[in-house]
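**Q** Data file structure04.csv (CSV, C-alpha atoms) is appended below.
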```csv
chain,number,residue,atom,x,y,z
R,229,MET,CA,-209.4,-91.3,-44.2
R,230,ALA,CA,-208.0,-92.0,-47.7
R,231,ILE,CA,-204.2,-91.4,-48.0
R,232,ASN,CA,-202.4,-90.8,-51.2
R,233,ARG,CA,-198.9,-92.2,-50.8
R,234,GLN,CA,-197.6,-91.1,-54.2
R,235,PRO,CA,-194.4,-89.0,-53.8
R,236,VAL,CA,-195.1,-85.2,-53.4
R,237,ALA,CA,-192.5,-84.3,-56.1
R,238,ARG,CA,-194.1,-86.6,-58.6
R,239,ARG,CA,-197.6,-85.1,-58.0
R,240,CYS,CA,-196.2,-81.6,-58.2
R,241,LYS,CA,-194.8,-82.4,-61.6
R,242,LYS,CA,-198.1,-84.0,-62.7
R,243,TYR,CA,-200.1,-80.9,-61.8
R,244,ASP,CA,-197.4,-78.5,-63.0
R,245,ILE,CA,-197.0,-76.7,-59.7
R,246,SER,CA,-193.9,-75.7,-57.8
R,247,PRO,CA,-193.2,-77.7,-54.6
R,248,ALA,CA,-192.8,-74.4,-52.8
R,249,VAL,CA,-196.6,-74.0,-53.0
R,250,LEU,CA,-196.9,-76.9,-50.6
R,251,GLY,CA,-193.9,-75.7,-48.4
R,252,TYR,CA,-191.4,-78.2,-49.9
R,253,ALA,CA,-188.9,-75.7,-51.2
R,254,GLY,CA,-186.1,-78.2,-51.4
R,255,LYS,CA,-187.8,-80.8,-53.6
R,256,ASP,CA,-187.0,-81.1,-57.3
R,257,THR,CA,-189.8,-82.0,-59.8
R,258,TRP,CA,-188.3,-81.2,-63.1
R,259,ARG,CA,-186.7,-84.6,-64.1
R,260,ASN,CA,-187.5,-85.8,-67.6
R,261,GLN,CA,-189.0,-82.5,-68.5
R,262,ASN,CA,-188.5,-83.0,-72.2
R,263,ASN,CA,-191.0,-85.9,-72.2
R,264,ASN,CA,-194.0,-84.9,-74.3
R,265,ARG,CA,-197.4,-86.4,-73.9
R,266,ARG,CA,-198.4,-88.8,-76.6
R,267,ARG,CA,-201.7,-87.2,-77.4
R,268,LYS,CA,-203.4,-83.9,-76.7
R,269,ALA,CA,-205.3,-83.8,-73.4
R,270,SER,CA,-209.1,-83.8,-73.7
R,271,GLU,CA,-211.4,-81.1,-72.2
R,272,TYR,CA,-212.5,-83.6,-69.5
R,273,SER,CA,-208.9,-84.5,-68.7
R,274,LEU,CA,-208.0,-80.8,-68.2
R,275,GLN,CA,-211.0,-80.2,-66.0
R,276,LEU,CA,-210.3,-83.3,-63.9
R,277,ASN,CA,-206.6,-82.4,-63.6
R,278,GLU,CA,-207.4,-78.9,-62.3
R,279,LYS,CA,-209.8,-80.4,-59.7
R,280,GLN,CA,-207.3,-83.0,-58.6
R,281,LYS,CA,-204.6,-80.3,-58.3
R,282,VAL,CA,-206.8,-78.2,-55.9
R,283,LYS,CA,-207.6,-81.3,-53.8
R,284,PHE,CA,-203.9,-82.1,-53.6
R,285,ILE,CA,-202.8,-78.6,-52.6
R,286,TYR,CA,-205.4,-78.2,-49.8
R,287,GLY,CA,-205.3,-81.9,-48.7
R,288,ILE,CA,-209.1,-82.4,-49.1
R,289,LEU,CA,-211.1,-85.4,-50.3
R,290,GLU,CA,-213.7,-85.6,-53.1
R,291,LYS,CA,-216.7,-85.3,-50.7
R,292,GLN,CA,-215.3,-82.1,-49.2
R,293,SER,CA,-214.4,-80.7,-52.7
R,294,ARG,CA,-217.9,-81.4,-54.0
R,295,ARG,CA,-219.4,-79.8,-50.8
R,296,ILE,CA,-217.3,-76.6,-51.3
R,297,TYR,CA,-218.4,-76.3,-54.9
R,298,GLU,CA,-222.1,-76.7,-54.0
R,299,GLU,CA,-221.7,-74.0,-51.3
R,300,ALA,CA,-219.8,-71.7,-53.6
R,301,ASP,CA,-222.5,-72.2,-56.3
R,302,ARG,CA,-225.3,-71.1,-53.8
R,303,MET,CA,-223.4,-67.9,-52.9
R,304,PRO,CA,-223.8,-64.7,-54.8
R,305,GLY,CA,-221.0,-63.8,-57.2
R,306,VAL,CA,-218.7,-65.8,-59.3
R,307,THR,CA,-218.7,-69.5,-58.3
R,308,GLY,CA,-214.9,-70.0,-59.0
R,309,GLU,CA,-214.0,-66.9,-56.9
R,310,ASN,CA,-216.3,-68.2,-54.1
R,311,MET,CA,-214.5,-71.6,-54.2
R,312,VAL,CA,-211.1,-69.9,-53.8
R,313,MET,CA,-212.4,-67.9,-50.8
R,314,LEU,CA,-213.8,-71.0,-49.1
R,315,LEU,CA,-210.6,-72.9,-49.6
R,316,GLU,CA,-208.3,-70.2,-48.5
R,317,THR,CA,-210.2,-69.4,-45.4
R,318,ARG,CA,-209.9,-72.9,-44.0
R,319,LEU,CA,-208.1,-72.7,-40.6
R,320,ASP,CA,-205.4,-75.2,-41.6
R,321,ASN,CA,-204.6,-73.0,-44.7
R,322,VAL,CA,-204.7,-69.8,-42.8
R,323,VAL,CA,-202.1,-70.9,-40.2
R,324,TYR,CA,-199.9,-72.0,-43.2
R,325,ARG,CA,-200.4,-68.7,-45.0
R,326,LEU,CA,-199.5,-66.9,-41.7
R,327,GLY,CA,-196.2,-68.7,-41.7
R,328,LEU,CA,-196.9,-70.5,-38.5
R,329,CYS,CA,-196.0,-73.9,-40.1
R,330,GLN,CA,-194.0,-75.1,-43.1
R,331,THR,CA,-196.8,-77.0,-45.0
R,332,ARG,CA,-200.6,-77.1,-45.1
R,333,LYS,CA,-200.3,-80.8,-44.0
R,334,GLN,CA,-198.4,-79.7,-40.9
R,335,GLY,CA,-200.9,-76.9,-40.3
R,336,ARG,CA,-203.7,-79.5,-40.4
R,337,GLN,CA,-201.9,-81.6,-37.8
R,338,LEU,CA,-201.2,-78.6,-35.5
R,339,VAL,CA,-204.9,-77.5,-35.7
R,340,SER,CA,-206.1,-81.0,-35.0
R,341,HIS,CA,-203.9,-81.1,-31.9
R,342,ALA,CA,-205.5,-77.9,-30.7
R,343,HIS,CA,-202.5,-75.6,-30.7
R,344,PHE,CA,-204.5,-72.6,-32.0
R,345,LEU,CA,-207.2,-70.2,-30.7
R,346,VAL,CA,-209.6,-68.3,-32.9
R,347,ASN,CA,-210.9,-65.2,-31.1
R,348,GLY,CA,-209.6,-66.7,-27.8
R,349,LYS,CA,-211.4,-70.0,-28.2
R,350,LYS,CA,-209.7,-73.3,-28.8
R,351,VAL,CA,-210.5,-74.8,-32.3
R,352,ASN,CA,-209.3,-78.2,-33.4
R,353,ILE,CA,-211.2,-78.5,-36.7
R,354,PRO,CA,-208.9,-78.0,-39.8
R,355,SER,CA,-211.8,-77.1,-42.0
R,356,TYR,CA,-213.1,-74.4,-39.6
R,357,ARG,CA,-213.8,-71.3,-41.7
R,358,VAL,CA,-212.4,-68.0,-40.5
R,359,LYS,CA,-214.1,-64.6,-41.2
R,360,VAL,CA,-213.0,-61.0,-41.6
R,361,GLY,CA,-211.9,-59.7,-38.2
R,362,ASP,CA,-211.1,-63.1,-36.7
R,363,VAL,CA,-207.8,-63.3,-34.7
R,364,ILE,CA,-205.8,-66.6,-34.9
R,365,SER,CA,-203.2,-67.1,-32.2
R,366,VAL,CA,-201.0,-69.8,-30.8
R,367,ARG,CA,-202.1,-71.2,-27.4
R,368,ASN,CA,-199.9,-70.1,-24.5
R,369,LYS,CA,-199.2,-73.8,-23.7
R,370,SER,CA,-198.0,-74.4,-27.2
R,371,THR,CA,-195.5,-71.5,-27.6
R,372,ASP,CA,-192.6,-73.8,-26.5
R,373,ILE,CA,-193.0,-76.1,-29.5
R,374,ALA,CA,-189.9,-75.8,-31.8
R,375,ILE,CA,-191.8,-74.6,-34.9
R,376,PHE,CA,-193.4,-71.7,-33.0
R,377,LYS,CA,-190.1,-70.8,-31.2
R,378,SER,CA,-188.5,-70.6,-34.7
R,379,VAL,CA,-191.2,-68.3,-36.0
R,380,LYS,CA,-190.9,-66.0,-33.0
R,381,GLU,CA,-187.2,-65.8,-33.3
R,382,GLU,CA,-186.7,-65.8,-37.1
R,383,GLY,CA,-190.0,-64.7,-38.5
R,384,PRO,CA,-192.7,-66.5,-40.5
R,385,THR,CA,-191.8,-69.3,-42.9
R,386,GLN,CA,-193.2,-67.4,-46.0
R,387,VAL,CA,-194.5,-64.1,-47.3
R,388,ILE,CA,-197.8,-63.2,-45.7
R,389,PRO,CA,-200.6,-62.5,-48.2
R,390,LYS,CA,-202.2,-59.0,-48.1
R,391,TRP,CA,-205.5,-60.3,-46.8
R,392,LEU,CA,-203.8,-61.4,-43.5
R,393,GLU,CA,-202.0,-59.4,-40.8
R,394,PHE,CA,-199.3,-61.0,-38.7
R,395,ASN,CA,-197.9,-60.2,-35.3
R,396,GLN,CA,-194.6,-62.0,-34.8
R,397,GLU,CA,-194.1,-61.1,-31.2
R,398,ASN,CA,-197.6,-62.5,-30.1
R,399,LEU,CA,-197.6,-65.3,-32.7
R,400,SER,CA,-201.0,-64.2,-33.9
R,401,GLY,CA,-202.7,-63.1,-37.1
R,402,LYS,CA,-205.8,-61.3,-38.1
R,403,VAL,CA,-208.0,-61.7,-41.2
R,404,ILE,CA,-208.4,-58.2,-42.6
R,405,ALA,CA,-210.1,-59.1,-45.9
R,406,LEU,CA,-211.5,-62.0,-47.8
R,407,PRO,CA,-209.0,-63.7,-50.3
R,408,THR,CA,-209.5,-63.6,-54.0
R,409,SER,CA,-207.9,-65.6,-56.9
R,410,GLU,CA,-205.2,-62.9,-57.1
R,411,ASP,CA,-204.0,-63.8,-53.7
R,412,LEU,CA,-203.2,-67.5,-54.5
R,413,ASP,CA,-199.6,-68.7,-54.5
R,414,TYR,CA,-200.2,-70.9,-57.5
R,415,ASP,CA,-202.0,-70.7,-60.9
R,416,LEU,CA,-205.6,-71.9,-60.9
R,417,GLN,CA,-208.1,-72.1,-63.7
R,418,TYR,CA,-211.1,-72.3,-61.5
R,419,ASN,CA,-213.5,-72.2,-64.5
R,420,LEU,CA,-212.4,-75.7,-65.4
R,421,ILE,CA,-213.3,-77.0,-61.9
R,422,VAL,CA,-216.7,-75.3,-62.1
R,423,GLU,CA,-217.3,-76.8,-65.5
R,424,PHE,CA,-216.3,-80.3,-64.2
R,425,TYR,CA,-218.8,-80.1,-61.3
R,426,SER,CA,-221.6,-78.4,-63.2
R,427,LYS,CA,-222.1,-81.3,-65.6
```
In structure tokens, how does this file's structure come out?
**A**
Amino acid sequence: MAINRQPVARRCKKYDISPAVLGYAGKDTWRNQNNNRRRKASEYSLQLNEKQKVKFIYGILEKQSRRIYEEADRMPGVTGENMVMLLETRLDNVVYRLGLCQTRKQGRQLVSHAHFLVNGKKVNIPSYRVKVGDVISVRNKSTDIAIFKSVKEEGPTQVIPKWLEFNQENLSGKVIALPTSEDLDYDLQYNLIVEFYSK
């Protein structure tokens, strides 16, 4: 798998997003903030930048990003909104949004190591797509891990979005609705991504 080793703070500054979106609340990205770009960004540059930002936030590769766009385009409704829904309902993102881990990257690792159940069945695929009514819970064998102990004692690591329901005592969450662009924890111009892929 391709790995981008560029510092997280630098990429956050490049895409003009807060590190808190990725779970890195302690990082600072605002050095040299008075530096202006030498020339105005082109339309293509803006579209590419928005696409790269989404890939960076969700930790997906170009092939996955293209596949998500194509699936969203086939679905009824607005393609951009469909893309948001498909990205947000990935299992690695859902466990992050439930506050069961500190970053999406950590969520992906925990899912890969099979620490979660979906409707009582073990799932170890980070891109697994949850549906309305699905219950995501921590396996009984995994509840002794430090991150889960901390969540049980101190609560989730972030604010739970309105499309999810969280049970702190049982370390479980339920999908009660499908997410929309209003539920995102960062600014996204999805129309630019759609324009990029629709060429």
**Q** Could you tell me how far atom CA of Asn277 of chain R sits from atom CA of Leu326 of chain R, in Å to one decimal place?
**A**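 We find that atom CA of Leu326 of chain R and atom CA of Asn277 of chain R lie 27.8 Å from each other.
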**Q** Find the residues around segment 411-422 of chain R up to 9 Å (all atoms listed in the file counted), leave out those fewer than 2 positions away in its own chain, and share them as a count of residues only.
**A** 31
**Q** Give me the residues near Gly383 of chain R as an NGL selection string, where near means some atom within 12 Å (using only C-alpha atoms) and where sequence neighbours in that chain fewer than 6 positions away do not count.
**A** :R and (326-329 or 375-377 or 394-400)
**Q** Okay, now the selection with C-alpha atoms, as a PDB file, in the coordinates of the input?
**A**
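Output saved as selection20.pdb:
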```pdb
ATOM      1  CA  LEU R 326    -199.500 -66.900 -41.700  1.00  0.00           C
ATOM      2  CA  GLY R 327    -196.200 -68.700 -41.700  1.00  0.00           C
ATOM      3  CA  LEU R 328    -196.900 -70.500 -38.500  1.00  0.00           C
ATOM      4  CA  CYS R 329    -196.000 -73.900 -40.100  1.00  0.00           C
ATOM      5  CA  ILE R 375    -191.800 -74.600 -34.900  1.00  0.00           C
ATOM      6  CA  PHE R 376    -193.400 -71.700 -33.000  1.00  0.00           C
ATOM      7  CA  LYS R 377    -190.100 -70.800 -31.200  1.00  0.00           C
ATOM      8  CA  PHE R 394    -199.300 -61.000 -38.700  1.00  0.00           C
ATOM      9  CA  ASN R 395    -197.900 -60.200 -35.300  1.00  0.00           C
ATOM     10  CA  GLN R 396    -194.600 -62.000 -34.800  1.00  0.00           C
ATOM     11  CA  GLU R 397    -194.100 -61.100 -31.200  1.00  0.00           C
ATOM     12  CA  ASN R 398    -197.600 -62.500 -30.100  1.00  0.00           C
ATOM     13  CA  LEU R 399    -197.600 -65.300 -32.700  1.00  0.00           C
ATOM     14  CA  SER R 400    -201.000 -64.200 -33.900  1.00  0.00           C
TER      15      SER R 400
END
```
**Q** Measure the distance from atom CA of Lys283 of chain R to atom CA of Lys268 of chain R in Å and round it to one decimal.
**A**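 For atom CA of Lys283 of chain R relative to atom CA of Lys268 of chain R, the distance reads 23.4 Å.
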**Q** Find the spatial neighbours of Ile373 of chain R, counting only C-alpha atoms, within a cut-off of 12 Å - ignore same-chain residues fewer than 5 positions away - and output them as a count of residues only.
**A** 10
**Q** Any idea what the distance is between atom CA of Leu315 of chain R and atom CA of Thr331 of chain R?
**A**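 Separating atom CA of Leu315 of chain R from atom CA of Thr331 of chain R is a distance of 15.1 Å.
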**Q** Excluding Asn321 of chain R and any residue of its chain fewer than 4 positions from it, enumerate the residues within 8 Å of it, using only C-alpha atoms, and give them as a list in words.
**A**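 Contacts, in chain order: Tyr286, Leu315, Glu316, Thr317, Arg325, Arg332, Gly335 and Arg336 of chain R.
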**Q** From the set R:Ser273, R:Asn310, R:Thr371, R:Gln280, which residue has the shortest atom-to-atom contact distance to Leu406 of chain R, counting all atoms listed in the file?
**A**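 Closest residue, counting all atoms listed in the file: R:Asn310.
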**Q** Please provide as a PDB file with C-alpha atoms, keeping the file's coordinate frame all residues within 7 Å of Val358 of chain R, with the sequence filter that same-chain residues fewer than 4 positions apart are discarded (counting all atoms listed in the file).
**A**
```
ATOM      1  CA  THR R 317    -210.200 -69.400 -45.400  1.00  0.00           C
ATOM      2  CA  ARG R 318    -209.900 -72.900 -44.000  1.00  0.00           C
ATOM      3  CA  LEU R 319    -208.100 -72.700 -40.600  1.00  0.00           C
ATOM      4  CA  ASP R 362    -211.100 -63.100 -36.700  1.00  0.00           C
TER       5      ASP R 362
END
```
**Q** Calculated over all atoms listed in the file, which of the candidates R:Val323, R:Val339, R:Met303, R:Ile296 has the smallest distance to Pro354 of chain R?
**A**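 Counting all atoms listed in the file, the residue closest to Pro354 of chain R is R:Val339.
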